[in-house]
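Source file: target01.txt. Holds: compact mmCIF, C-alpha atoms.
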```txt
# COMPACT_ATOMS: atom_id res chain seq x y z
CA MET A 1 24.54 -26.79 8.81
CA ILE A 2 25.49 -28.43 12.10
CA LEU A 3 23.00 -28.08 14.95
CA LEU A 4 24.72 -27.77 18.33
CA VAL A 5 22.29 -28.79 21.06
CA ASP A 6 23.07 -27.06 24.36
CA LEU A 7 22.31 -29.40 27.29
CA CYS A 8 23.20 -26.89 30.03
CA TYR A 9 20.91 -26.05 32.95
CA GLU A 10 19.29 -23.04 31.26
CA LYS A 11 19.25 -21.17 27.95
CA ASN A 12 22.24 -18.86 27.35
CA SER A 13 23.84 -19.96 30.61
CA LEU A 14 27.32 -19.09 31.84
CA SER A 15 28.24 -22.72 31.06
CA GLN A 16 27.41 -22.25 27.38
CA TYR A 17 30.71 -20.38 26.94
CA GLU A 18 32.53 -23.44 28.24
CA PHE A 19 30.70 -26.37 26.67
CA VAL A 20 29.08 -25.09 23.48
CA HIS A 21 30.98 -22.05 22.18
CA PRO A 22 34.38 -23.82 21.93
CA ILE A 23 32.80 -26.42 19.62
CA ALA A 24 31.03 -23.79 17.52
CA SER A 25 34.16 -21.68 17.35
CA HIS A 26 36.35 -24.54 16.20
CA LEU A 27 33.91 -25.79 13.57
CA GLU A 28 33.28 -22.28 12.28
CA SER A 29 37.02 -21.72 11.96
CA SER A 30 36.99 -24.78 9.68
CA ASP A 31 34.21 -23.19 7.59
CA PHE A 32 31.29 -25.23 8.92
CA ILE A 33 28.09 -23.35 9.67
CA CYS A 34 26.72 -23.96 13.17
CA ARG A 35 23.50 -23.12 14.91
CA ILE A 36 23.15 -23.33 18.70
CA ILE A 37 19.85 -24.37 20.25
CA HIS A 38 18.91 -25.28 23.83
CA PHE A 39 17.61 -28.83 24.28
CA THR A 40 14.25 -27.50 25.44
CA ASP A 41 13.81 -25.67 22.10
CA VAL A 42 14.50 -28.50 19.63
CA THR A 43 11.69 -28.81 17.08
CA ARG A 44 11.06 -30.90 13.97
CA ASP A 45 11.63 -27.79 11.84
CA GLU A 46 15.02 -27.15 13.47
CA LEU A 47 16.06 -30.75 12.85
CA ASP A 48 14.95 -30.58 9.21
CA LEU A 49 17.16 -27.56 8.61
CA CYS A 50 20.41 -29.23 9.69
CA ASP A 51 22.72 -31.89 8.21
CA LYS A 52 24.31 -33.08 11.44
CA ILE A 53 23.68 -32.77 15.15
CA ILE A 54 26.07 -32.49 18.10
CA LEU A 55 24.75 -32.90 21.66
CA CYS A 56 27.17 -30.90 23.81
CA GLY A 57 28.44 -31.48 27.35
CA THR A 58 27.61 -29.76 30.62
CA ALA A 59 29.29 -28.71 33.87
CA LEU A 60 30.21 -31.39 36.39
CA LYS A 61 27.31 -30.49 38.67
CA ASP A 62 24.83 -30.00 35.85
CA ASN A 63 22.85 -33.19 35.30
CA GLY A 64 19.41 -31.64 34.80
CA TYR A 65 19.19 -32.93 31.21
CA ALA A 66 18.95 -36.49 32.61
CA GLU A 67 15.68 -35.53 34.29
CA HIS A 68 14.19 -34.53 30.93
CA LEU A 69 15.07 -37.49 28.74
CA GLU A 70 11.61 -37.35 27.13
CA MET A 71 12.80 -34.17 25.39
CA PHE A 72 15.34 -36.26 23.45
CA SER A 73 12.94 -38.86 22.04
CA TRP A 74 13.47 -37.27 18.58
CA ILE A 75 16.93 -38.88 18.48
CA LYS A 76 15.49 -42.32 17.70
CA GLY A 77 13.64 -41.13 14.63
CA CYS A 78 16.32 -38.77 13.31
CA ASP A 79 18.24 -39.91 10.21
CA ASN A 80 20.98 -37.30 10.41
CA PRO A 81 24.41 -38.12 11.89
CA ILE A 82 24.38 -37.46 15.64
CA PHE A 83 27.39 -37.03 17.92
CA GLY A 84 26.99 -36.92 21.71
CA ILE A 85 29.75 -35.45 23.85
CA CYS A 86 29.80 -36.38 27.55
CA ALA A 87 26.27 -35.43 28.70
CA GLY A 88 25.22 -35.87 25.05
CA MET A 89 26.59 -39.42 25.05
CA GLN A 90 24.69 -40.16 28.26
CA VAL A 91 21.47 -38.99 26.61
CA ILE A 92 22.08 -41.17 23.53
CA SER A 93 22.79 -44.17 25.75
CA ALA A 94 19.60 -43.64 27.76
CA VAL A 95 17.45 -43.08 24.66
CA PHE A 96 18.64 -46.39 23.20
CA GLY A 97 18.10 -48.35 26.40
CA GLY A 98 21.50 -47.99 28.08
CA LYS A 99 22.04 -46.67 31.59
CA ILE A 100 23.60 -43.51 32.97
CA VAL A 101 25.91 -44.66 35.78
CA TRP A 102 27.88 -42.87 38.52
CA GLN A 103 31.45 -42.81 37.21
CA PRO A 104 33.13 -39.49 38.08
CA ALA A 105 36.36 -38.48 36.31
CA ILE A 106 38.29 -35.21 36.01
CA GLY A 107 41.46 -34.51 34.06
CA LEU A 108 43.62 -35.85 31.24
CA ASP A 109 43.62 -39.62 30.90
CA ARG A 110 44.76 -42.30 28.52
CA ILE A 111 42.02 -43.35 26.07
CA GLU A 112 42.39 -46.61 24.21
CA ILE A 113 40.66 -46.67 20.83
CA ILE A 114 39.94 -50.36 20.30
CA ARG A 115 37.94 -50.43 17.07
CA GLU A 116 38.31 -48.57 13.78
CA SER A 117 35.49 -46.13 13.04
CA PRO A 118 34.81 -43.10 10.82
CA LEU A 119 34.81 -40.94 13.97
CA LEU A 120 38.03 -41.97 15.71
CA GLY A 121 40.02 -43.71 12.98
CA GLU A 122 42.33 -46.65 13.66
CA PRO A 123 42.85 -48.34 17.03
CA ARG A 124 45.54 -46.54 19.05
CA GLU A 125 46.05 -44.70 22.31
CA ILE A 126 45.28 -41.00 22.75
CA GLN A 127 44.99 -38.57 25.68
CA GLY A 128 41.53 -37.21 26.43
CA TYR A 129 40.10 -34.69 28.91
CA HIS A 130 37.48 -36.11 31.23
CA LEU A 131 34.98 -33.94 33.09
CA HIS A 132 31.94 -35.90 34.14
CA SER A 133 30.10 -37.31 37.12
CA PHE A 134 28.30 -40.00 35.13
CA GLY A 135 29.33 -42.52 32.51
CA VAL A 136 27.22 -44.93 30.45
CA THR A 137 26.58 -48.58 29.77
CA LEU A 138 26.72 -49.78 26.17
CA PRO A 139 23.19 -49.91 24.72
CA GLU A 140 22.11 -52.77 22.47
CA ASP A 141 22.87 -52.07 18.80
CA PHE A 142 25.96 -50.06 19.76
CA ARG A 143 29.61 -51.07 19.42
CA LEU A 144 32.37 -50.12 21.81
CA LEU A 145 34.90 -47.89 20.00
CA ALA A 146 37.15 -46.85 22.89
CA GLY A 147 37.61 -47.86 26.53
CA GLY A 148 36.09 -51.00 28.05
CA GLN A 149 32.69 -52.38 29.03
CA GLU A 150 33.17 -50.94 32.54
CA SER A 151 34.34 -47.53 31.33
CA VAL A 152 32.85 -46.76 27.93
CA GLU A 153 34.94 -43.97 26.36
CA ALA A 154 33.33 -44.02 22.91
CA PHE A 155 30.58 -45.90 21.14
CA GLY A 156 28.93 -45.99 17.73
CA HIS A 157 25.61 -47.39 16.49
CA ARG A 158 25.99 -50.62 14.51
CA VAL A 159 24.04 -49.29 11.51
CA ARG A 160 23.22 -45.62 11.91
CA PRO A 161 25.72 -42.70 12.03
CA ILE A 162 25.27 -42.11 15.76
CA PHE A 163 28.34 -41.73 18.00
CA GLY A 164 29.13 -40.79 21.57
CA ILE A 165 32.30 -40.04 23.50
CA ILE A 166 32.56 -39.39 27.22
CA PHE A 167 35.70 -37.19 27.07
CA HIS A 168 35.73 -33.62 25.72
CA PRO A 169 37.08 -33.40 22.14
CA GLU A 170 37.20 -29.59 22.32
CA VAL A 171 40.21 -30.03 24.62
CA ARG A 172 43.26 -31.30 22.70
CA ASN A 173 41.22 -33.51 20.34
CA ARG A 174 39.49 -31.06 18.03
CA TRP A 175 40.26 -33.34 15.12
CA ILE A 176 37.36 -35.52 16.32
CA LEU A 177 34.94 -32.61 15.79
CA GLU A 178 36.24 -32.17 12.27
CA ARG A 179 36.00 -35.88 11.48
CA PHE A 180 32.36 -35.85 12.56
CA ALA A 181 31.64 -32.67 10.61
CA ASN A 182 33.16 -34.28 7.49
CA LEU A 183 31.24 -37.57 7.77
CA MET B 1 35.44 -15.43 41.39
CA LEU B 2 39.10 -16.55 41.55
CA PHE B 3 40.84 -13.27 40.98
CA SER B 4 44.44 -12.39 40.10
CA GLY B 5 43.75 -8.88 38.81
CA GLY B 6 44.82 -9.87 35.30
CA LYS B 7 42.68 -9.59 32.18
CA ASP B 8 41.43 -13.21 32.24
CA SER B 9 39.97 -13.14 35.73
CA VAL B 10 38.51 -9.66 35.14
CA PHE B 11 36.89 -10.63 31.83
CA ALA B 12 35.58 -13.92 33.28
CA CYS B 13 34.12 -11.79 36.08
CA ARG B 14 32.35 -9.62 33.51
CA ARG B 15 30.78 -12.67 31.90
CA ALA B 16 29.76 -14.04 35.28
CA MET B 17 28.18 -10.69 36.18
CA GLU B 18 26.16 -10.75 32.96
CA LYS B 19 24.61 -14.11 33.84
CA ASN B 20 24.72 -14.43 37.64
CA GLU B 21 25.43 -12.55 40.83
CA VAL B 22 29.11 -12.38 41.78
CA ALA B 23 29.31 -12.56 45.59
CA CYS B 24 33.02 -11.92 46.10
CA VAL B 25 36.46 -12.15 44.53
CA ILE B 26 39.08 -14.48 46.01
CA THR B 27 42.79 -13.71 45.72
CA LEU B 28 45.44 -16.16 46.84
CA VAL B 29 48.74 -14.48 47.59
CA SER B 30 51.64 -16.82 47.04
CA GLU B 31 55.00 -16.33 48.73
CA ASN B 32 56.52 -18.56 46.07
CA GLU B 33 57.49 -16.61 42.93
CA ASP B 34 57.39 -19.83 40.91
CA SER B 35 53.86 -20.75 42.00
CA TYR B 36 52.11 -22.66 39.23
CA MET B 37 48.77 -21.13 39.99
CA PHE B 38 48.80 -17.96 42.00
CA HIS B 39 51.77 -15.68 41.42
CA THR B 40 51.59 -12.37 39.59
CA PRO B 41 53.71 -9.25 40.13
CA ASN B 42 50.84 -7.08 41.39
CA ILE B 43 48.78 -9.68 43.21
CA ARG B 44 48.59 -7.43 46.28
CA CYS B 45 46.86 -4.75 44.20
CA THR B 46 43.64 -6.73 43.78
CA GLY B 47 42.23 -5.01 46.88
CA LEU B 48 41.88 -1.73 45.01
CA GLN B 49 40.47 -3.52 41.96
CA ALA B 50 37.83 -5.19 44.14
CA LYS B 51 36.90 -1.73 45.47
CA ALA B 52 36.73 -0.42 41.91
CA LEU B 53 34.41 -3.31 41.02
CA GLY B 54 32.34 -2.81 44.18
CA LEU B 55 32.89 -6.44 45.25
CA PRO B 56 34.13 -7.87 48.57
CA LEU B 57 37.64 -9.34 48.46
CA LEU B 58 38.72 -12.49 50.26
CA PHE B 59 42.51 -12.26 50.50
CA TRP B 60 44.12 -15.58 51.37
CA PRO B 61 47.82 -16.30 51.91
CA THR B 62 49.57 -19.44 50.65
CA ARG B 63 53.19 -20.52 50.92
CA GLY B 64 52.90 -21.61 47.32
CA GLU B 65 54.25 -25.15 47.71
CA LYS B 66 52.96 -27.19 44.77
CA GLU B 67 50.21 -29.32 46.30
CA GLU B 68 49.87 -27.36 49.54
CA GLU B 69 48.65 -24.31 47.63
CA LEU B 70 45.72 -26.36 46.38
CA GLN B 71 44.76 -27.09 49.97
CA ASP B 72 45.04 -23.36 50.63
CA LEU B 73 42.79 -22.64 47.64
CA GLU B 74 40.24 -25.11 48.95
CA ALA B 75 40.39 -23.48 52.39
CA ALA B 76 39.87 -20.04 50.80
CA ILE B 77 36.87 -21.24 48.80
CA ALA B 78 35.44 -22.95 51.90
CA GLU B 79 35.78 -19.62 53.73
CA ALA B 80 33.93 -17.90 50.86
CA ILE B 81 31.07 -20.39 51.30
CA LYS B 82 30.95 -19.54 55.00
CA ARG B 83 31.19 -15.76 54.59
CA TYR B 84 29.27 -15.15 51.37
CA GLY B 85 27.26 -18.33 50.76
CA ILE B 86 28.77 -18.84 47.32
CA GLN B 87 27.28 -21.64 45.21
CA GLY B 88 29.94 -21.77 42.55
CA VAL B 89 33.42 -20.72 41.50
CA VAL B 90 34.38 -18.84 38.32
CA THR B 91 37.90 -18.92 36.88
CA GLY B 92 39.65 -17.25 33.96
CA ALA B 93 41.25 -20.50 32.74
CA ILE B 94 41.66 -20.64 28.95
CA GLU B 95 43.83 -23.60 28.00
CA SER B 96 45.50 -24.85 31.16
CA VAL B 97 44.19 -28.33 31.85
CA TYR B 98 46.51 -28.39 34.89
CA GLN B 99 44.75 -25.44 36.53
CA ALA B 100 41.24 -26.24 35.35
CA ALA B 101 41.27 -29.87 36.52
CA ARG B 102 42.53 -28.90 39.96
CA VAL B 103 39.88 -26.25 40.47
CA GLN B 104 37.21 -28.68 39.18
CA ARG B 105 38.31 -31.25 41.79
CA ILE B 106 38.14 -28.68 44.59
CA CYS B 107 34.65 -27.62 43.47
CA ARG B 108 33.52 -31.24 43.41
CA SER B 109 34.81 -31.85 46.93
CA LEU B 110 33.00 -28.72 48.17
CA ASP B 111 29.85 -29.49 46.13
CA LEU B 112 30.12 -26.23 44.16
CA TRP B 113 29.46 -25.34 40.55
CA CYS B 114 32.53 -24.49 38.50
CA PHE B 115 32.50 -22.07 35.57
CA ASN B 116 35.29 -21.31 33.09
CA PRO B 117 33.70 -18.84 30.66
CA LEU B 118 36.94 -18.29 28.67
CA TRP B 119 37.65 -22.01 28.28
CA GLN B 120 39.24 -22.87 24.90
CA ILE B 121 38.47 -19.41 23.53
CA ASN B 122 40.41 -18.27 20.44
CA GLN B 123 43.01 -16.15 22.16
CA VAL B 124 43.55 -13.47 19.54
CA SER B 125 39.79 -12.99 19.04
CA TYR B 126 39.47 -12.79 22.83
CA LEU B 127 42.10 -10.03 23.08
CA ARG B 128 40.28 -8.06 20.38
CA LEU B 129 36.97 -8.53 22.20
CA LEU B 130 38.50 -7.43 25.49
CA LEU B 131 39.70 -4.18 23.91
CA SER B 132 36.49 -3.58 21.96
CA GLU B 133 34.53 -3.81 25.23
CA GLY B 134 36.64 -1.01 26.71
CA PHE B 135 39.01 -2.77 29.13
CA ASN B 136 42.22 -0.89 29.94
CA VAL B 137 44.85 -3.60 30.36
CA ILE B 138 48.57 -3.10 30.98
CA VAL B 139 51.39 -5.63 30.76
CA SER B 140 52.76 -6.18 34.27
CA GLY B 141 55.27 -8.93 33.58
CA VAL B 142 57.09 -10.61 30.70
CA TYR B 143 58.79 -13.97 31.00
CA ALA B 144 59.75 -15.16 27.53
CA TYR B 145 61.68 -14.38 24.36
CA PRO B 146 61.15 -12.06 22.44
CA PHE B 147 59.43 -9.67 24.84
CA ASP B 148 61.61 -6.63 25.46
CA ALA B 149 61.38 -4.00 28.20
CA SER B 150 59.05 -1.81 26.10
CA TRP B 151 56.20 -4.19 26.99
CA LEU B 152 56.45 -3.48 30.72
CA GLY B 153 53.66 -1.12 31.78
CA ALA B 154 52.50 -0.78 28.16
CA ARG B 155 48.77 -0.65 27.50
CA LEU B 156 47.38 -3.54 25.49
CA THR B 157 46.20 -2.07 22.19
CA ASP B 158 44.97 -3.38 18.86
CA GLU B 159 48.50 -2.92 17.53
CA ARG B 160 50.06 -4.95 20.34
CA THR B 161 47.37 -7.61 19.87
CA GLU B 162 48.45 -7.96 16.24
CA VAL B 163 52.07 -8.27 17.39
CA LEU B 164 51.01 -11.04 19.82
CA ALA B 165 49.15 -12.79 17.00
CA GLU B 166 52.32 -12.65 14.90
CA LEU B 167 54.41 -13.98 17.81
CA GLN B 168 51.96 -16.86 18.12
CA LYS B 169 52.65 -17.79 14.50
CA ARG B 170 56.44 -17.36 14.77
CA TYR B 171 57.21 -18.65 18.26
CA LYS B 172 54.02 -20.50 19.28
CA ILE B 173 53.56 -18.28 22.33
CA ASN B 174 50.09 -18.05 23.86
CA PRO B 175 48.85 -14.59 22.78
CA SER B 176 46.94 -14.29 26.06
CA GLY B 177 50.05 -15.23 28.01
CA GLU B 178 48.45 -18.19 29.75
CA GLY B 179 51.60 -20.22 29.23
CA GLY B 180 53.32 -17.79 31.59
CA GLU B 181 54.79 -15.65 28.78
CA LEU B 182 53.26 -12.46 30.12
CA GLU B 183 51.12 -11.13 32.94
CA THR B 184 48.62 -8.30 32.84
CA PHE B 185 46.81 -5.95 35.20
CA VAL B 186 43.45 -4.30 34.52
CA LEU B 187 42.98 -0.62 35.34
CA ASP B 188 39.48 0.00 33.99
CA GLY B 189 36.60 -1.56 32.12
CA PRO B 190 32.82 -1.62 31.76
CA ILE B 191 32.35 -3.43 35.11
CA PHE B 192 34.56 -0.93 36.98
CA LYS B 193 32.62 1.64 39.00
CA LYS B 194 35.84 3.66 39.35
CA ARG B 195 39.06 3.46 37.36
CA ILE B 196 42.55 2.89 38.74
CA GLU B 197 45.26 5.46 38.21
CA ILE B 198 48.89 4.44 38.74
CA LEU B 199 50.88 7.07 40.67
CA LYS B 200 54.19 5.27 41.06
CA ALA B 201 55.62 2.10 39.58
CA SER B 202 58.98 0.45 39.06
CA ARG B 203 60.36 -1.67 36.25
CA SER B 204 62.93 -4.43 36.35
CA TYR B 205 64.11 -6.31 33.27
CA ASP B 206 66.87 -8.78 32.49
CA GLY B 207 67.18 -11.46 29.85
CA TYR B 208 63.59 -11.44 28.53
CA ARG B 209 62.17 -11.49 32.06
CA GLY B 210 60.80 -8.37 33.61
CA GLN B 211 58.17 -6.94 35.91
CA PHE B 212 56.20 -3.72 36.17
CA VAL B 213 55.40 -3.38 39.86
CA ILE B 214 52.74 -0.89 40.90
CA GLU B 215 53.86 0.88 44.08
CA GLU B 216 51.19 3.57 44.46
CA MET B 217 47.79 3.89 42.86
CA GLN B 218 44.40 5.45 43.49
CA LEU B 219 40.77 5.17 42.48
CA VAL B 220 39.42 7.90 40.23
CA ASP B 221 35.79 8.71 39.45
CA LYS B 222 34.71 7.89 35.90
```
Would you write the structure of this file as structure tokens?
Amino acid sequence: MILLVDLCYEKNSLSQYEFVHPIASHLESSDFICRIIHFTDVTRDELDLCDKIILCGTALKDNGYAEHLEMFSWIKGCDNPIFGICAGMQVISAVFGGKIVWQPAIGLDRIEIIRESPLLGEPREIQGYHLHSFGVTLPEDFRLLAGGQESVEAFGHRVRPIFGIIFHPEVRNRWILERFANL
Amino acid sequence: MLFSGGKDSVFACRRAMEKNEVACVITLVSENEDSYMFHTPNIRCTGLQAKALGLPLLFWPTRGEKEEELQDLEAAIAEAIKRYGIQGVVTGAIESVYQAARVQRICRSLDLWCFNPLWQINQVSYLRLLLSEGFNVIVSGVYAYPFDASWLGARLTDERTEVLAELQKRYKINPSGEGGELETFVLDGPIFKKRIEILKASRSYDGYRGQFVIEEMQLVDK
């Protein structure tokens, strides 16, 4: 089972349809079982029940999750594969000592994959949909997978199966969701 | 709520009403028939829909020039902030990155929330959901092969949804019509306080392009 962690401003928000349901819907159509949980409700028991975890994105104006980073301390001790999308990537960066930085972007942009990884495959150029106010710095123990040091598009932990991307894979890049689900 | 009167804006409005208070609906009326964002055959009929929904309507004209209409949309939303104190904008965007990104940029410049509750939804499942929740939707325009004149004014049914699903497989059309293949108009639904009855309408059709234009209609108690 894949646990989809909803980072939106409140439980069952209007934004959940936009940032969580498309991911659940796509994975379920590929026969993966998903369970949605709000970040304020994550417990040890919930984590024990799942095989993989996806931290989902939020609306452009919704950055409340960054004021509750203590609620994500479980990430460091979790052995399951974790994939952070946009806001989720920001949380992973912050938990591992990186910084969340003002870096607004909206729309389709060129993404340069610079390093081969199980998540994104071989180095090449793709188009990705950006919708964020904040980007990240690369934390220690993480490798840059796409973008540059000044605009981190994707990263992966050097040892553990933990990944983050700043663009939204549910838009035109659903194959990334499937690659993570099949890790 | 950005409102064209079609099924997507009406259903997005329903979802917004379930979670938040909808302060008003905003309709941009484009003089340009090829407008990328704001043209539909019955755009002037949204006034009666707004009455049926019990919501104020902000009706805003635009000449429909490509980038100018975005400035007009921003002006309309700014007016909605002034008149109704809106804190966010809801759209019925499903797949169009072009439309969604532009509305997102306007919301950012006006410091508003932006919601797209139908974003990336499975289109055939969405059409089934729309019908199962009791929306009465008619086809008000067709703009692509192989839609014939029988679609104009026809009610969207489970049978027609299955035809659209088949057309998606055969011709890669968007079943919800977001690629401009078809336009719809909503006459009734669970958020309607009154339903709309069409009294007079005209059809025009030529070469897989056609419109069903509502000329007279009225509100009817439910």
Worksheet item: By how many Å are CA of Arg128 (chain B) and CA of Gln99 (chain B) apart?
Response: 24.1 Å
Item to complete: Would you mind listing what lies within 10 Å of Ile191 (chain B) as a count of residues only, with all atoms listed in the file counted and same-chain residues fewer than 4 positions away left out?
Response: 13
Box dimensions and centre (Å, one decimal) enclosing region 95-108 of chain A, axis-aligned, 5 Å extra per side, as JSON:
```
{"center_x": 30.5, "center_y": -41.4, "center_z": 30.9, "size_x": 36.2, "size_y": 23.8, "size_z": 25.3}
```
Discussion item. Show me, as a ChimeraX atom specification, the residues that have an atom within 12 Å of Val213 (chain B) when counting only C-alpha atoms, minus same-chain residues fewer than 2 positions from it.
Written reply: /B:40-45,138-142,152-153,183-185,198-205,210-211,215-217
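One distance worth recording is that between CA of Lys169 (chain B) and CA of Gln127 (chain A), which is 24.8 Å.
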Item to complete: For chain B, list the residues within 10 Å of chain A, counting all atoms listed in the file, and write the list as number ranges by chain.
Response: B: 12, 15-20, 88, 90, 94-102, 104-105, 107-108, 111-122
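Distance-wise, CA of His168 (chain A) and CA of Ala87 (chain A) end up 10.1 Å apart.
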